[in-house]
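Asks: Supplied in structure tokens, the structure appears directly below.
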Amino acid sequence: MAVIDVNGLSKVFRAKTKEPGLRGSVRALLRPTYTELGAVKGISFAVEAGELLAFIGRNGAGKSTTIKMLTGILNPTAGTAQVLGLVPWESRRQLAYTIGSVFGQKSQLWYHLPALDSFRLLGSIYEIPHRDLAKRLDAVVELFELAEFIKTPVRKLSLGQRMRCEIAASILHRPQVIFLDEPTIGLDVVAKLKIRELIKRLNEEENTTIFLTSHDAGDIEQLCKRVIVINHGEIILDTSTSYLRHNYLTTRIVNVKFAEPCPGLRLSNAEILKHTEKGVKFRINTRSTSIEDVLGELFAQADTADISVEEPAMEEVIRDIYRRPAGEGEQDAVS
Amino acid sequence: MQLVSGGALRKYVRIAEISFTNRVVYLADHFASSIFLILILFIFSQLWKTVLGPSGEIAGLDSTAMLWYMLFTETIALSIPRAHYLVSEEVKSGDVAYKLIRPYSYILYYFAAYCGEFAVRAATNLSVGAAFAYLTMGPLTVNWGKFGWVLLGFALATSINFLVCFCVALLAFWLEETRPYFWILNKMTFIFGGLLVPVEAYPEGLRRISYLLPLRYSFSAPARLVVDFDYSLLWQMLAGQLVWTVLLAALAAVMFRKGVRRVHVHGG
């Protein structure tokens, strides 16, 4: 059953424009002109219960606007959406009891007080009965390993610890869906790994549907089974992460270690990136050339000691998707 | 504005409580900032002693009552939390939208937070100021039997002050800059709130204007009631406070509802 159902959702922002200089300022005051910016353009998708979905895109692509519409912050210009059977912008408060959200740097914790105080306050805000809250707090503290610093004022916590508290704060009321808008932004490698582990556990142990936006390829690769790419307000790709990883970018990097130097090596269907006495590194496109053909050509000319084939990094895959013109990515998508 | 049911009331009490706790962290700062109150009270204690002497009065108040009156008006004025600046910033930046997806009323959330912070600030200002007034001008004769009415007057005064500031802060939905309006409000409070002298001592024209504004009911009237309890003033004050609380609450609710429609949050 779809917990998020989006059909033709669009959002157009109206922004005031102003010519530079004093004359422009006066003109804008007397005769204001506006420009319309289509932030989201008729997107449609559905998310099933228990999914862990990455919703990615470049800055200004429309991903945060989409999240804001799905949480009820913004009203769309056109289209429909339902989250847990409710229209977010019509039933914002009712929906608030069943969803959770973490928006990057927007904290819901009281800065000068320990996180525990904020958790208890959120318990009251979400009207969780006292006894249930105590049990839930114990579970969340254990799940997120917060015991060590839960009584420390938030201002004294590291960014990683604070983000753990932020996510913990957003799940106290047992939301069925949680929207995480760049939860690992600004974190160091260790803190990122911890947050990813917690998100994964949250998804697996509580079957929470997670709608995640991130610029970090690692978040997507390590957490999500499905990825939706949005660019210029349109969905350009909706596919499985493994498909994306293995099939989307069809280049492979081959590293070869020579048994004997091979100075005159020529490979007709490969791009040689580095060639030394000890070995060669080359890139092939598996869409136009088979690896076997290129390796056959290699073996005919060189005596090899070792060969390894590298798939492109997820970061590279995503960079390539962003670079492609709108519409091209859809050919590869397996929705 | 969402009406509060008995069950939901708990969350606003908790918000006030956490806001109170949050300000207790700064208790030393609050006591330090009370020095300003001492300075004002010292200047005016000297002024009233000189101007009024042992038997002179202003609007029925002698020099001792005048200083105690001023202590209460200034305590209210200096204890007003700066939450309205935060609201104004949230409206301007669009961050107000993030609060809309929490299961509480935005207005009541800030009112509860305002009350919690006001309580800490007022307690520190009042304790420091009262000690000074007692030592320099002598004790205030308080009719403790009527003290409940006085507290009610102060509670409604706090509501009015919150609503006035909140409405000005909400102007940020339509205006780029709200600071000039807060400045004007501050100056109007000084005069029409009767911060230094009870408005009853004003010339006719000025007094009439102050009677038409809510500021008299949130500063001058409750302060006067503490130093010079009078039932006719009490009923007049409570009626005025209730009318202004209802009017301002309605205005804040309408402004907020209309303003939220304009929220224009751009996403990444």
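If you're wondering about the labels, chains in the structure tokens are A, B, ... by order shown, residues count from 1 in each chain, ligands from 1 in order shown.
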Residues of chain A were defined as contacting chain B if any atom lay at most 9 Å from it, counting only C-alpha atoms; please report them as a PyMOL selection string.
Replies: chain A and resi 13-15+39+57-68+71-75+92-97+101+103+106+110-113+117-118+120-127
Asks: Please return as JSON, numbers by chain: the residues of region 39-150 of chain A that backbone DSSP assigns to strand (DSSP E).
Replies: {"A": [39, 40, 41, 42, 43, 44, 45, 46, 47, 48, 52, 53, 54, 55, 56, 78, 79, 80, 81, 82, 83, 99, 100, 101, 102, 103]}
Asks: For the residues in the current selection, export C-alpha atoms as a PDB file, in the first residue's frame.
Replies:
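As written to disk, part37.pdb reads:
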```
ATOM      1  CA  ALA A  39      10.084  24.940  -8.825  1.00  0.00           C
ATOM      2  CA  VAL A  40       8.250  21.627  -9.261  1.00  0.00           C
ATOM      3  CA  LYS A  41       6.638  20.684 -12.578  1.00  0.00           C
ATOM      4  CA  GLY A  42       3.967  18.016 -12.514  1.00  0.00           C
ATOM      5  CA  ILE A  43       5.807  15.215 -10.738  1.00  0.00           C
ATOM      6  CA  SER A  44       4.183  11.855  -9.976  1.00  0.00           C
ATOM      7  CA  PHE A  45       5.385   8.943  -7.884  1.00  0.00           C
ATOM      8  CA  ALA A  46       4.298   6.609  -5.103  1.00  0.00           C
ATOM      9  CA  VAL A  47       6.164   5.326  -2.066  1.00  0.00           C
ATOM     10  CA  GLU A  48       5.231   2.043  -0.412  1.00  0.00           C
ATOM     11  CA  LEU A  52      13.750   3.826   2.254  1.00  0.00           C
ATOM     12  CA  LEU A  53      13.785   6.213  -0.657  1.00  0.00           C
ATOM     13  CA  ALA A  54      16.395   8.727  -1.782  1.00  0.00           C
ATOM     14  CA  PHE A  55      15.013  11.842  -3.396  1.00  0.00           C
ATOM     15  CA  ILE A  56      17.986  13.609  -4.883  1.00  0.00           C
ATOM     16  CA  ALA A  78      -1.455  22.181  -9.166  1.00  0.00           C
ATOM     17  CA  GLY A  79      -1.697  18.427  -8.698  1.00  0.00           C
ATOM     18  CA  THR A  80      -2.594  16.183  -5.809  1.00  0.00           C
ATOM     19  CA  ALA A  81      -0.734  14.352  -3.081  1.00  0.00           C
ATOM     20  CA  GLN A  82      -1.683  12.102  -0.227  1.00  0.00           C
ATOM     21  CA  VAL A  83       0.492  11.103   2.689  1.00  0.00           C
ATOM     22  CA  ILE A  99       4.846  11.938  10.253  1.00  0.00           C
ATOM     23  CA  GLY A 100       8.231  13.119  11.442  1.00  0.00           C
ATOM     24  CA  SER A 101      10.611  15.536   9.804  1.00  0.00           C
ATOM     25  CA  VAL A 102      14.176  16.717  10.145  1.00  0.00           C
ATOM     26  CA  PHE A 103      15.116  19.720   8.051  1.00  0.00           C
TER      27      PHE A 103
END
```
Asks: Just checking: using only C-alpha atoms, which residue out of B:Ser79, B:Ser93, B:Ser218, B:Gln46 ends up closest to Tyr114 (chain B)?
Replies: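 Looking only at the distances to Tyr114 (chain B), the closest residue turns out to be B:Ser79.
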Asks: Excluding Ala169 (chain A) and any residue of its chain fewer than 2 positions from it, enumerate the residues within 8 Å of it, using only C-alpha atoms, and give them as a list in words.
Replies: Gln108, Leu109, Ser118, Phe119, Leu122, Cys165, Glu166, Ile167, Ile171 and Leu172 of chain A
Asks: Could you write out that same residue set with C-alpha atoms as a PDB file, in the first residue's frame?
Replies:
```
ATOM      1  CA  GLN A 108      13.630  21.507  17.166  1.00  0.00           C
ATOM      2  CA  LEU A 109      15.743  21.236  20.306  1.00  0.00           C
ATOM      3  CA  SER A 118      13.170  18.892  24.585  1.00  0.00           C
ATOM      4  CA  PHE A 119      12.177  15.221  24.286  1.00  0.00           C
ATOM      5  CA  LEU A 122       7.834  16.994  22.407  1.00  0.00           C
ATOM      6  CA  CYS A 165      19.142  13.954  18.991  1.00  0.00           C
ATOM      7  CA  GLU A 166      17.258  15.744  16.180  1.00  0.00           C
ATOM      8  CA  ILE A 167      16.331  12.475  14.490  1.00  0.00           C
ATOM      9  CA  ILE A 171      10.525   9.791  15.982  1.00  0.00           C
ATOM     10  CA  LEU A 172       9.307  10.000  19.588  1.00  0.00           C
TER      11      LEU A 172
END
```
Asks: Find the residues around region 169-176 of chain B up to 9 Å (only C-alpha atoms counted), leave out those fewer than 4 positions away in its own chain, and share them as a list of chain:residue names.
Replies: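 These residues fall inside the cut-off: B:His84, B:Tyr85, B:Leu86, B:Val87, B:Ser88, B:Glu89, B:Glu90, B:Val91, B:Lys92, B:Val164, B:Cys165, B:Tyr181, B:Phe182, B:Ala252, B:Met255, B:Phe256, B:Lys258, B:Gly259, B:Val260, B:Arg262, B:Val263.
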Asks: Hey, can you check how far CA of Thr208 (chain A) sits from CA of Arg162 (chain A)?
Replies: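 Computing it gives 21.1 Å between the two atoms.
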Asks: Need to verify the contact set: region 248-263 of chain A, 7 Å, only C-alpha atoms, exclusion of same-chain residues closer than 4 positions in sequence. Can you return it as an MDAnalysis selection string?
Replies: chainID A and resid 243:244 277:287 302:312 317 332
